[in-house]
$ cat my_file.txt   # compact mmCIF, C-alpha atoms
# COMPACT_ATOMS: atom_id res chain seq x y z
CA MET A 796 0.00 0.00 0.00
CA GLN A 797 1.38 3.36 -1.04
CA THR A 798 1.26 6.15 1.53
CA LYS A 799 1.08 9.93 1.33
CA LYS A 800 1.85 12.64 3.83
CA PHE A 801 -1.33 13.88 5.49
CA GLY A 802 -0.90 17.62 5.15
CA ASN A 803 2.24 19.63 5.82
CA ASN A 804 2.80 18.37 9.34
CA GLY A 805 1.06 15.00 9.34
CA PRO A 806 2.28 11.41 9.20
CA GLN A 807 2.36 9.10 6.20
CA VAL A 808 -1.16 7.71 5.71
CA SER A 809 -2.42 4.90 3.49
CA LEU A 810 -3.30 6.11 0.00
CA ILE A 811 -6.55 4.14 0.13
CA GLY A 812 -8.47 4.29 3.38
CA GLN A 813 -11.86 3.08 4.57
CA GLY A 814 -15.04 5.15 4.55
CA THR A 815 -17.88 4.15 6.88
CA TRP A 816 -20.99 6.08 5.80
CA TYR A 817 -23.98 3.66 6.00
CA LEU A 818 -21.69 1.05 7.59
CA ASP A 819 -24.24 0.53 10.36
CA ARG A 820 -27.11 -0.21 7.93
CA GLY A 821 -26.14 -3.80 7.05
CA ASP A 822 -24.85 -6.88 8.82
CA ARG A 823 -22.68 -5.76 11.74
CA LYS A 824 -20.48 -8.86 11.80
CA ALA A 825 -19.79 -8.52 8.07
CA ALA A 826 -18.94 -4.83 8.53
CA VAL A 827 -16.45 -5.61 11.30
CA THR A 828 -14.89 -8.35 9.18
CA ALA A 829 -14.59 -5.99 6.20
CA LEU A 830 -12.89 -3.31 8.29
CA ARG A 831 -10.45 -5.81 9.73
CA ARG A 832 -9.68 -7.23 6.29
CA GLY A 833 -9.02 -3.72 5.09
CA ILE A 834 -6.64 -3.03 7.96
CA ASP A 835 -4.82 -6.30 7.23
CA ALA A 836 -4.42 -5.14 3.62
CA GLY A 837 -2.93 -1.80 4.66
CA MET A 838 -5.98 0.46 4.66
CA THR A 839 -5.19 1.87 8.09
CA HIS A 840 -6.83 5.26 7.47
CA ILE A 841 -10.38 4.90 8.81
CA ASP A 842 -12.88 7.73 8.44
CA THR A 843 -16.16 8.15 10.28
CA ALA A 844 -18.43 10.87 11.73
CA GLU A 845 -20.95 11.44 14.46
CA MET A 846 -23.53 11.80 11.68
CA TYR A 847 -22.98 8.20 10.56
CA GLY A 848 -25.37 6.63 13.06
CA ASP A 849 -23.75 3.70 14.85
CA ALA A 850 -20.71 3.52 12.57
CA GLU A 851 -18.42 4.62 15.41
CA LEU A 852 -19.66 1.69 17.51
CA VAL A 853 -19.03 -0.76 14.68
CA ILE A 854 -15.52 0.65 14.22
CA ALA A 855 -14.85 0.26 17.93
CA ASP A 856 -15.50 -3.47 17.61
CA ALA A 857 -13.22 -3.73 14.58
CA ILE A 858 -10.25 -1.85 16.04
CA ALA A 859 -10.43 -3.04 19.64
CA ASP A 860 -6.90 -4.47 19.69
CA ARG A 861 -5.43 -2.53 16.76
CA ARG A 862 -5.73 1.16 17.60
CA ASP A 863 -2.00 1.82 17.40
CA GLU A 864 -1.93 0.74 13.75
CA LEU A 865 -4.52 3.25 12.65
CA PHE A 866 -5.04 6.81 11.48
CA LEU A 867 -8.52 7.42 12.86
CA VAL A 868 -10.71 10.35 11.75
CA SER A 869 -14.15 11.53 12.86
CA LYS A 870 -16.25 14.64 12.28
CA VAL A 871 -18.35 17.11 14.22
CA LEU A 872 -21.71 18.20 12.82
CA PRO A 873 -22.03 21.92 12.05
CA SER A 874 -24.96 22.11 14.47
CA ASN A 875 -22.59 21.04 17.27
CA ALA A 876 -19.59 23.12 16.18
CA SER A 877 -19.65 25.86 18.81
CA ARG A 878 -16.55 25.99 21.00
CA ARG A 879 -18.11 23.96 23.82
CA GLY A 880 -20.23 21.85 21.48
CA THR A 881 -17.21 20.75 19.43
CA ILE A 882 -15.40 19.57 22.54
CA THR A 883 -18.46 17.72 23.81
CA ALA A 884 -19.03 16.07 20.44
CA CYS A 885 -15.40 14.96 20.24
CA GLU A 886 -15.53 13.45 23.72
CA ARG A 887 -18.72 11.62 22.75
CA SER A 888 -17.05 10.20 19.62
CA LEU A 889 -14.00 9.12 21.62
CA LYS A 890 -16.25 7.24 24.02
CA ARG A 891 -18.13 5.53 21.20
CA LEU A 892 -14.90 4.60 19.42
CA LYS A 893 -13.35 3.43 22.72
CA THR A 894 -10.17 5.39 22.18
CA ASP A 895 -8.46 8.27 23.94
CA HIS A 896 -7.59 10.29 20.85
CA LEU A 897 -8.38 10.92 17.20
CA ASP A 898 -5.63 11.38 14.64
CA CYS A 899 -7.71 14.03 12.88
CA TYR A 900 -11.03 15.71 13.67
CA LEU A 901 -13.05 17.47 10.99
CA LEU A 902 -15.81 20.05 10.74
CA HIS A 903 -18.25 18.11 8.55
CA TRP A 904 -19.39 21.13 6.55
CA ARG A 905 -19.73 24.88 6.99
CA GLY A 906 -22.44 25.87 9.44
CA SER A 907 -23.66 28.89 11.38
CA TYR A 908 -21.07 28.88 14.16
CA SER A 909 -18.03 31.06 13.63
CA LEU A 910 -14.94 29.34 12.32
CA ALA A 911 -12.97 31.08 15.07
CA ASP A 912 -14.99 29.27 17.75
CA THR A 913 -14.61 25.88 16.08
CA VAL A 914 -10.88 26.37 15.54
CA ALA A 915 -10.47 27.44 19.17
CA ALA A 916 -12.14 24.18 20.20
CA PHE A 917 -9.85 22.20 17.90
CA ASP A 918 -6.82 23.91 19.45
CA GLU A 919 -8.11 23.09 22.92
CA LEU A 920 -8.61 19.45 21.96
CA ILE A 921 -5.06 19.26 20.60
CA ALA A 922 -3.68 20.77 23.80
CA ALA A 923 -5.60 18.15 25.81
CA GLY A 924 -4.21 15.31 23.66
CA LYS A 925 -7.68 14.31 22.43
CA ILE A 926 -6.93 15.01 18.78
CA ARG A 927 -3.62 15.22 16.94
CA SER A 928 -4.74 17.39 14.04
CA TRP A 929 -7.87 18.92 12.55
CA GLY A 930 -9.37 19.69 9.19
CA VAL A 931 -12.62 20.29 7.33
CA SER A 932 -14.96 18.64 4.87
CA ASN A 933 -16.94 20.10 1.96
CA PHE A 934 -15.09 23.44 1.99
CA ASP A 935 -14.78 25.41 -1.25
CA THR A 936 -11.93 27.84 -1.81
CA GLU A 937 -13.80 30.85 -0.39
CA ASP A 938 -14.41 28.95 2.86
CA LEU A 939 -10.80 27.78 2.89
CA ASP A 940 -9.56 31.36 2.45
CA GLU A 941 -11.63 32.45 5.44
CA LEU A 942 -10.44 29.49 7.50
CA LEU A 943 -6.83 30.25 6.63
CA ASP A 944 -7.26 33.80 7.91
CA VAL A 945 -8.52 32.39 11.20
CA ALA A 946 -6.09 29.52 11.69
CA GLY A 947 -2.95 30.51 9.81
CA GLU A 948 -0.69 28.51 7.51
CA GLY A 949 0.04 24.91 8.46
CA ALA A 950 -2.92 24.38 10.79
CA ILE A 951 -5.40 22.81 8.36
CA ALA A 952 -4.55 19.13 7.89
CA CYS A 953 -7.09 18.17 5.24
CA ASN A 954 -10.20 18.97 3.25
CA GLN A 955 -12.47 15.98 2.62
CA VAL A 956 -14.55 16.43 -0.52
CA LEU A 957 -16.74 14.61 -3.03
CA TYR A 958 -14.62 13.28 -5.90
CA HIS A 959 -15.26 10.55 -8.43
CA LEU A 960 -14.88 9.97 -12.16
CA GLN A 961 -18.12 11.74 -13.00
CA GLU A 962 -17.69 14.56 -10.45
CA ARG A 963 -14.31 16.23 -10.84
CA ALA A 964 -15.22 19.77 -9.81
CA ILE A 965 -12.51 19.95 -7.13
CA GLU A 966 -9.82 19.81 -9.82
CA HIS A 967 -10.65 23.38 -10.88
CA ALA A 968 -9.71 25.21 -7.70
CA VAL A 969 -9.92 23.12 -4.52
CA ILE A 970 -7.04 20.75 -5.27
CA PRO A 971 -4.74 23.60 -6.43
CA TRP A 972 -5.61 25.61 -3.28
CA CYS A 973 -4.86 22.65 -1.04
CA GLU A 974 -1.59 21.96 -2.82
CA ARG A 975 -0.47 25.57 -2.37
CA HIS A 976 -1.15 25.41 1.36
CA GLY A 977 -0.03 21.86 2.16
CA VAL A 978 -3.52 20.53 2.85
CA ALA A 979 -4.32 16.88 2.12
CA VAL A 980 -7.34 16.23 -0.10
CA VAL A 981 -9.42 13.22 0.93
CA ALA A 982 -11.88 11.95 -1.70
CA TYR A 983 -15.14 10.62 -0.29
CA SER A 984 -17.61 8.52 -2.33
CA PRO A 985 -14.88 7.84 -4.94
CA PHE A 986 -17.17 5.44 -6.80
CA GLY A 987 -20.01 7.96 -6.89
CA HIS A 988 -23.31 7.43 -5.14
CA ASN A 989 -24.89 4.53 -6.99
CA ASP A 990 -23.66 5.90 -10.31
CA PHE A 991 -20.39 4.08 -11.04
CA PRO A 992 -20.03 3.72 -14.84
CA GLN A 993 -21.92 0.71 -16.12
CA PRO A 994 -19.88 -1.94 -17.99
CA SER A 995 -21.99 -1.37 -21.10
CA SER A 996 -21.24 2.38 -21.20
CA LYS A 997 -18.37 4.02 -23.06
CA GLY A 998 -16.67 4.88 -19.79
CA GLY A 999 -17.28 1.45 -18.32
CA ASP A 1000 -15.81 -0.19 -21.39
CA LEU A 1001 -12.68 1.95 -21.14
CA LEU A 1002 -12.29 1.20 -17.43
CA GLN A 1003 -12.57 -2.52 -18.04
CA GLY A 1004 -10.11 -2.43 -20.92
CA ILE A 1005 -7.51 -0.67 -18.78
CA ALA A 1006 -8.26 -3.01 -15.89
CA ASP A 1007 -7.72 -6.08 -18.06
CA ALA A 1008 -4.31 -4.77 -19.12
CA TYR A 1009 -3.22 -4.53 -15.48
CA LYS A 1010 -5.08 -7.64 -14.30
CA ALA A 1011 -7.04 -5.31 -12.07
CA THR A 1012 -10.70 -4.28 -11.70
CA ALA A 1013 -12.56 -1.25 -12.99
CA ARG A 1014 -12.93 0.12 -9.46
CA GLN A 1015 -9.22 -0.25 -8.82
CA VAL A 1016 -8.50 1.71 -12.00
CA ALA A 1017 -10.90 4.45 -10.87
CA LEU A 1018 -9.20 4.73 -7.48
CA SER A 1019 -5.76 4.88 -9.07
CA PHE A 1020 -6.88 7.66 -11.42
CA LEU A 1021 -8.43 9.72 -8.62
CA THR A 1022 -5.33 9.45 -6.43
CA ARG A 1023 -2.87 10.28 -9.23
CA ASN A 1024 -2.40 13.75 -7.78
CA PRO A 1025 0.24 13.91 -5.00
CA SER A 1026 -2.15 15.54 -2.53
CA VAL A 1027 -5.16 13.21 -2.97
CA LEU A 1028 -6.13 10.17 -0.89
CA ALA A 1029 -9.40 8.21 -1.14
CA ILE A 1030 -11.73 6.56 1.38
CA PRO A 1031 -14.04 4.09 -0.37
CA LYS A 1032 -16.48 2.10 1.75
CA ALA A 1033 -16.53 -1.71 1.61
CA SER A 1034 -19.48 -3.80 2.71
CA SER A 1035 -17.64 -7.11 2.53
CA ALA A 1036 -14.16 -8.48 3.16
CA GLU A 1037 -13.76 -9.23 -0.55
CA HIS A 1038 -14.65 -5.67 -1.49
CA ALA A 1039 -12.19 -4.34 1.11
CA ALA A 1040 -9.40 -6.44 -0.37
CA GLU A 1041 -10.28 -5.19 -3.85
CA ASN A 1042 -10.12 -1.56 -2.71
CA ALA A 1043 -6.81 -2.08 -0.96
CA ALA A 1044 -5.17 -3.54 -4.06
CA ALA A 1045 -5.71 -0.21 -5.81
CA GLY A 1046 -3.09 1.23 -3.48
CA ASP A 1047 -0.36 -0.47 -5.51
CA LEU A 1048 -1.72 0.26 -8.99
CA LYS A 1049 0.01 2.93 -11.07
CA LEU A 1050 -1.52 3.90 -14.39
CA SER A 1051 0.45 5.00 -17.43
CA ASP A 1052 0.26 8.54 -18.77
CA ASP A 1053 -1.68 7.24 -21.76
CA ASP A 1054 -4.25 5.54 -19.53
CA ILE A 1055 -4.67 8.72 -17.47
CA ALA A 1056 -5.11 10.78 -20.64
CA ALA A 1057 -7.76 8.37 -21.95
CA LEU A 1058 -9.70 8.50 -18.69
CA ASP A 1059 -9.40 12.28 -18.57
CA LYS A 1060 -10.90 12.52 -22.06
CA THR A 1061 -13.73 10.04 -21.40
CA PHE A 1062 -14.65 11.51 -18.01
CA PRO A 1063 -14.11 15.26 -18.57
CA ARG A 1064 -14.09 17.47 -15.52
CA GLY A 1065 -16.43 19.96 -17.18
CA ALA A 1066 -16.87 23.62 -16.31
CA ARG A 1067 -16.30 24.89 -12.79
CA PRO A 1068 -19.65 24.89 -10.95
CA ARG A 1069 -20.87 27.84 -8.90
CA GLY A 1070 -20.87 25.81 -5.69
CA LEU A 1071 -18.89 22.85 -4.46
CA PRO A 1072 -20.79 19.57 -5.06
CA MET A 1073 -21.39 17.48 -1.93
CA LEU A 1074 -23.46 14.58 -0.67

$ encode --input "my_file.txt" --output "C-alpha cells"
Amino acid sequence: MQTKKFGNNGPQVSLIGQGTWYLDRGDRKAAVTALRRGIDAGMTHIDTAEMYGDAELVIADAIADRRDELFLVSKVLPSNASRRGTITACERSLKRLKTDHLDCYLLHWRGSYSLADTVAAFDELIAAGKIRSWGVSNFDTEDLDELLDVAGEGAIACNQVLYHLQERAIEHAVIPWCERHGVAVVAYSPFGHNDFPQPSSKGGDLLQGIADAYKATARQVALSFLTRNPSVLAIPKASSAEHAAENAAAGDLKLSDDDIAALDKTFPRGARPRGLPML
C-alpha cells in the first residue's frame, strides 16, 4: 500500500483508506470483518463521523486491539460546532470509538457557528491530547480562504470532498488551493453514489479495458486515477471483506500517462460549478 503525507505536518497515511458512511445499515459482523480485512491489507486510514449513526460503535469493535496501527478520523456536525459543542461532540465520539484520541477531527461542513470558535475548540482538543490534528470537509476555496485567515498557515490538515470519475469539480480550484497550502485532499464517495459507470457504457468499457491490461478491476482503476495527484487520498467504503481487499489492491496500482489521458478525455471534468458539489 502506497502512503502519502497527510498535510504539511502529518504522518504518512495509506493512499486508500476506509469510509464508513452507512456502515451501520447492514450486517454488523460482516462490517467488522470488512474493516479488519481492510486493515490487514494496509488500509489503516479509517474515516467516520458522528452523523454516521452507529458507525463509530461498529468501528470500535473492529479496532479493539489494533488502535496503534490506525489513522482514525471523525467529524463534528455543524450544528454542534460551537466551541463547547465541538469539545463535547469529540468526547462523545472518543467514548463511542473506545479510544483516547483521534488522529484528525473534521468540521463536517460549513455551518452557522463562527470558524474562530470551532478552531479554538480544535486547538483546545489538541492541547488536551484528544486530537492530533484537525481539518474540514466540503469546503470550497472561499471557505478555505476564510479558514486560513482564522487559523494561519500549516494548521489545516485536510479537506475531505466529493470526488469521483463523474464529479471532478474539485480539480478546478480546490485541489490547487490545497496543494499551495499543504492541505491533504481526501476523496469521499470515490465510486459515486450509486452511479459508477456501467460496464456497457463508453466509460465502463474503457475502465474494463484498462483493468484487463493490469489484471485489475474497474474500481481499482478508478481509485488509481483519482489518487494520481500527489495531494489526494481516497476513502471508499466496503461492505464485505472481498470488497475491502479489492479496494486495498488499488493502493499499488500505477496507471500510465496514456491511460490517465484516456480516462481524462472520457470523463471530462467539465466547467467549474458555482458551488462545491457534496453529498

$ atom_distance --input "my_file.txt" --atom1 "CA of Asp935 in chain A" --atom2 "CA of Thr798 in chain A"
25.2 Å

$ closest_residue --input "my_file.txt" --among "A:Leu810, A:Ile926, A:Ala850, A:Cys973" --to "Leu1021 in chain A" --atoms "all atoms listed in the file"
A:Leu810

$ atom_distance --input "my_file.txt" --atom1 "CA of Leu1050 in chain A" --atom2 "CA of His967 in chain A"
21.8 Å

$ atom_distance --input "my_file.txt" --atom1 "CA of Trp904 in chain A" --atom2 "CA of Ile834 in chain A"
27.4 Å

$ closest_residue --input "my_file.txt" --among "A:Ile1055, A:Met838, A:Ala1036, A:Leu865" --to "Ile811 in chain A" --atoms "all atoms listed in the file"
A:Met838

$ residues_near_point --input "my_file.txt" --point "(-11.9, 10.3, 7.5)" --cutoff "6 Å" --atoms "all atoms listed in the file" --output "list in words"
Ile841, Asp842, Thr843, Val868 and Ser869 of chain A

$ residues_around --input "my_file.txt" --residues "Met846 in chain A" --least-positions-apart "2" --cutoff "8 Å" --atoms "all atoms listed in the file" --output "PDB file with C-alpha atoms, in the frame of the given file"
ATOM      1  CA  ALA A 844     -18.430  10.870  11.730  1.00  0.00           C
ATOM      2  CA  GLY A 848     -25.370   6.630  13.060  1.00  0.00           C
ATOM      3  CA  LYS A 870     -16.250  14.640  12.280  1.00  0.00           C
ATOM      4  CA  VAL A 871     -18.350  17.110  14.220  1.00  0.00           C
ATOM      5  CA  LEU A 872     -21.710  18.200  12.820  1.00  0.00           C
TER       6      LEU A 872
END

$ closest_residue --input "my_file.txt" --among "A:Asp1053, A:Asp918, A:Asp849, A:Asp1007" --to "Ala950 in chain A" --atoms "all atoms listed in the file"
A:Asp918

$ residues_around --input "my_file.txt" --residues "His959 in chain A" --least-positions-apart "6" --cutoff "8 Å" --atoms "all atoms listed in the file" --output "list in words"
Ala982, Ser984, Pro985, Phe986, Gly987, Ala1017 and Leu1021 of chain A

$ residues_around --input "my_file.txt" --residues "Ile921 in chain A" --least-positions-apart "5" --cutoff "12 Å" --atoms "only C-alpha atoms" --output "ChimeraX atom specification"
/A:882,885,895-900,914-916,926-929,950

$ residues_around --input "my_file.txt" --residues "Ser877 in chain A" --least-positions-apart "6" --cutoff "7 Å" --atoms "all atoms listed in the file" --output "PyMOL selection string"
chain A and resi 908+912-913

$ residues_around --input "my_file.txt" --residues "Val1016 in chain A" --least-positions-apart "5" --cutoff "9 Å" --atoms "all atoms listed in the file" --output "NGL selection string"
:A and (1002-1003 or 1005-1006 or 1009 or 1011 or 1021 or 1045 or 1048-1050)

$ closest_residue --input "my_file.txt" --among "A:Thr828, A:Asn989, A:Thr936, A:Asn1042" --to "Arg975 in chain A" --atoms "all atoms listed in the file"
A:Thr936

$ residues_near_point --input "my_file.txt" --point "(4.0, 3.9, 2.9)" --cutoff "12 Å" --atoms "all atoms listed in the file" --output "mmCIF file with C-alpha atoms, in the coordinates of the input"
data_model
loop_
_atom_site.group_PDB
_atom_site.id
_atom_site.type_symbol
_atom_site.label_atom_id
_atom_site.label_comp_id
_atom_site.auth_asym_id
_atom_site.auth_seq_id
_atom_site.Cartn_x
_atom_site.Cartn_y
_atom_site.Cartn_z
ATOM 1 C CA MET A 796 0.000 0.000 0.000
ATOM 2 C CA GLN A 797 1.380 3.360 -1.040
ATOM 3 C CA THR A 798 1.260 6.150 1.530
ATOM 4 C CA LYS A 799 1.080 9.930 1.330
ATOM 5 C CA LYS A 800 1.850 12.640 3.830
ATOM 6 C CA PHE A 801 -1.330 13.880 5.490
ATOM 7 C CA PRO A 806 2.280 11.410 9.200
ATOM 8 C CA GLN A 807 2.360 9.100 6.200
ATOM 9 C CA VAL A 808 -1.160 7.710 5.710
ATOM 10 C CA SER A 809 -2.420 4.900 3.490
ATOM 11 C CA LEU A 810 -3.300 6.110 0.000
ATOM 12 C CA ILE A 811 -6.550 4.140 0.130
ATOM 13 C CA GLY A 837 -2.930 -1.800 4.660
ATOM 14 C CA MET A 838 -5.980 0.460 4.660
ATOM 15 C CA THR A 839 -5.190 1.870 8.090
ATOM 16 C CA HIS A 840 -6.830 5.260 7.470
ATOM 17 C CA GLY A 1046 -3.090 1.230 -3.480
ATOM 18 C CA ASP A 1047 -0.360 -0.470 -5.510
#

$ closest_residue --input "my_file.txt" --among "A:Arg879, A:His988, A:Arg862, A:Arg1014" --to "Ala1039 in chain A" --atoms "all atoms listed in the file"
A:Arg1014

$ decode --input "my_file.txt" --residues "range 1024-1035 of chain A" --atoms "N, CA, C and O atoms" --output "PDB file, in the first residue's frame"
ATOM      1  N   ASN A1024      -2.957  12.482  -8.245  1.00  0.00           N
ATOM      2  CA  ASN A1024      -2.395  13.751  -7.781  1.00  0.00           C
ATOM      3  C   ASN A1024      -1.683  13.534  -6.445  1.00  0.00           C
ATOM      4  O   ASN A1024      -2.189  12.819  -5.572  1.00  0.00           O
ATOM      5  N   PRO A1025      -0.527  14.151  -6.230  1.00  0.00           N
ATOM      6  CA  PRO A1025       0.239  13.914  -5.005  1.00  0.00           C
ATOM      7  C   PRO A1025      -0.485  14.241  -3.714  1.00  0.00           C
ATOM      8  O   PRO A1025      -0.138  13.702  -2.656  1.00  0.00           O
ATOM      9  N   SER A1026      -1.488  15.116  -3.761  1.00  0.00           N
ATOM     10  CA  SER A1026      -2.149  15.540  -2.526  1.00  0.00           C
ATOM     11  C   SER A1026      -3.405  14.735  -2.201  1.00  0.00           C
ATOM     12  O   SER A1026      -3.995  14.916  -1.137  1.00  0.00           O
ATOM     13  N   VAL A1027      -3.843  13.840  -3.107  1.00  0.00           N
ATOM     14  CA  VAL A1027      -5.156  13.214  -2.972  1.00  0.00           C
ATOM     15  C   VAL A1027      -5.074  11.784  -2.429  1.00  0.00           C
ATOM     16  O   VAL A1027      -4.306  10.956  -2.919  1.00  0.00           O
ATOM     17  N   LEU A1028      -5.912  11.505  -1.417  1.00  0.00           N
ATOM     18  CA  LEU A1028      -6.134  10.168  -0.890  1.00  0.00           C
ATOM     19  C   LEU A1028      -7.617   9.847  -1.074  1.00  0.00           C
ATOM     20  O   LEU A1028      -8.423  10.743  -1.311  1.00  0.00           O
ATOM     21  N   ALA A1029      -7.997   8.585  -0.942  1.00  0.00           N
ATOM     22  CA  ALA A1029      -9.404   8.213  -1.136  1.00  0.00           C
ATOM     23  C   ALA A1029      -9.865   7.287  -0.022  1.00  0.00           C
ATOM     24  O   ALA A1029      -9.079   6.502   0.518  1.00  0.00           O
ATOM     25  N   ILE A1030     -11.164   7.377   0.304  1.00  0.00           N
ATOM     26  CA  ILE A1030     -11.726   6.555   1.380  1.00  0.00           C
ATOM     27  C   ILE A1030     -13.001   5.838   0.918  1.00  0.00           C
ATOM     28  O   ILE A1030     -14.090   6.149   1.373  1.00  0.00           O
ATOM     29  N   PRO A1031     -12.869   4.854   0.036  1.00  0.00           N
ATOM     30  CA  PRO A1031     -14.041   4.089  -0.369  1.00  0.00           C
ATOM     31  C   PRO A1031     -14.577   3.251   0.788  1.00  0.00           C
ATOM     32  O   PRO A1031     -13.814   2.847   1.671  1.00  0.00           O
ATOM     33  N   LYS A1032     -15.874   2.991   0.757  1.00  0.00           N
ATOM     34  CA  LYS A1032     -16.475   2.098   1.748  1.00  0.00           C
ATOM     35  C   LYS A1032     -16.540   0.694   1.172  1.00  0.00           C
ATOM     36  O   LYS A1032     -16.727   0.520  -0.034  1.00  0.00           O
ATOM     37  N   ALA A1033     -16.380  -0.319   2.027  1.00  0.00           N
ATOM     38  CA  ALA A1033     -16.528  -1.706   1.611  1.00  0.00           C
ATOM     39  C   ALA A1033     -17.539  -2.381   2.519  1.00  0.00           C
ATOM     40  O   ALA A1033     -17.463  -2.256   3.741  1.00  0.00           O
ATOM     41  N   SER A1034     -18.471  -3.105   1.917  1.00  0.00           N
ATOM     42  CA  SER A1034     -19.484  -3.795   2.709  1.00  0.00           C
ATOM     43  C   SER A1034     -19.135  -5.255   2.957  1.00  0.00           C
ATOM     44  O   SER A1034     -19.837  -5.940   3.696  1.00  0.00           O
ATOM     45  N   SER A1035     -18.055  -5.719   2.341  1.00  0.00           N
ATOM     46  CA  SER A1035     -17.636  -7.106   2.532  1.00  0.00           C
ATOM     47  C   SER A1035     -16.117  -7.183   2.574  1.00  0.00           C
ATOM     48  O   SER A1035     -15.423  -6.266   2.116  1.00  0.00           O
TER      49      SER A1035
END
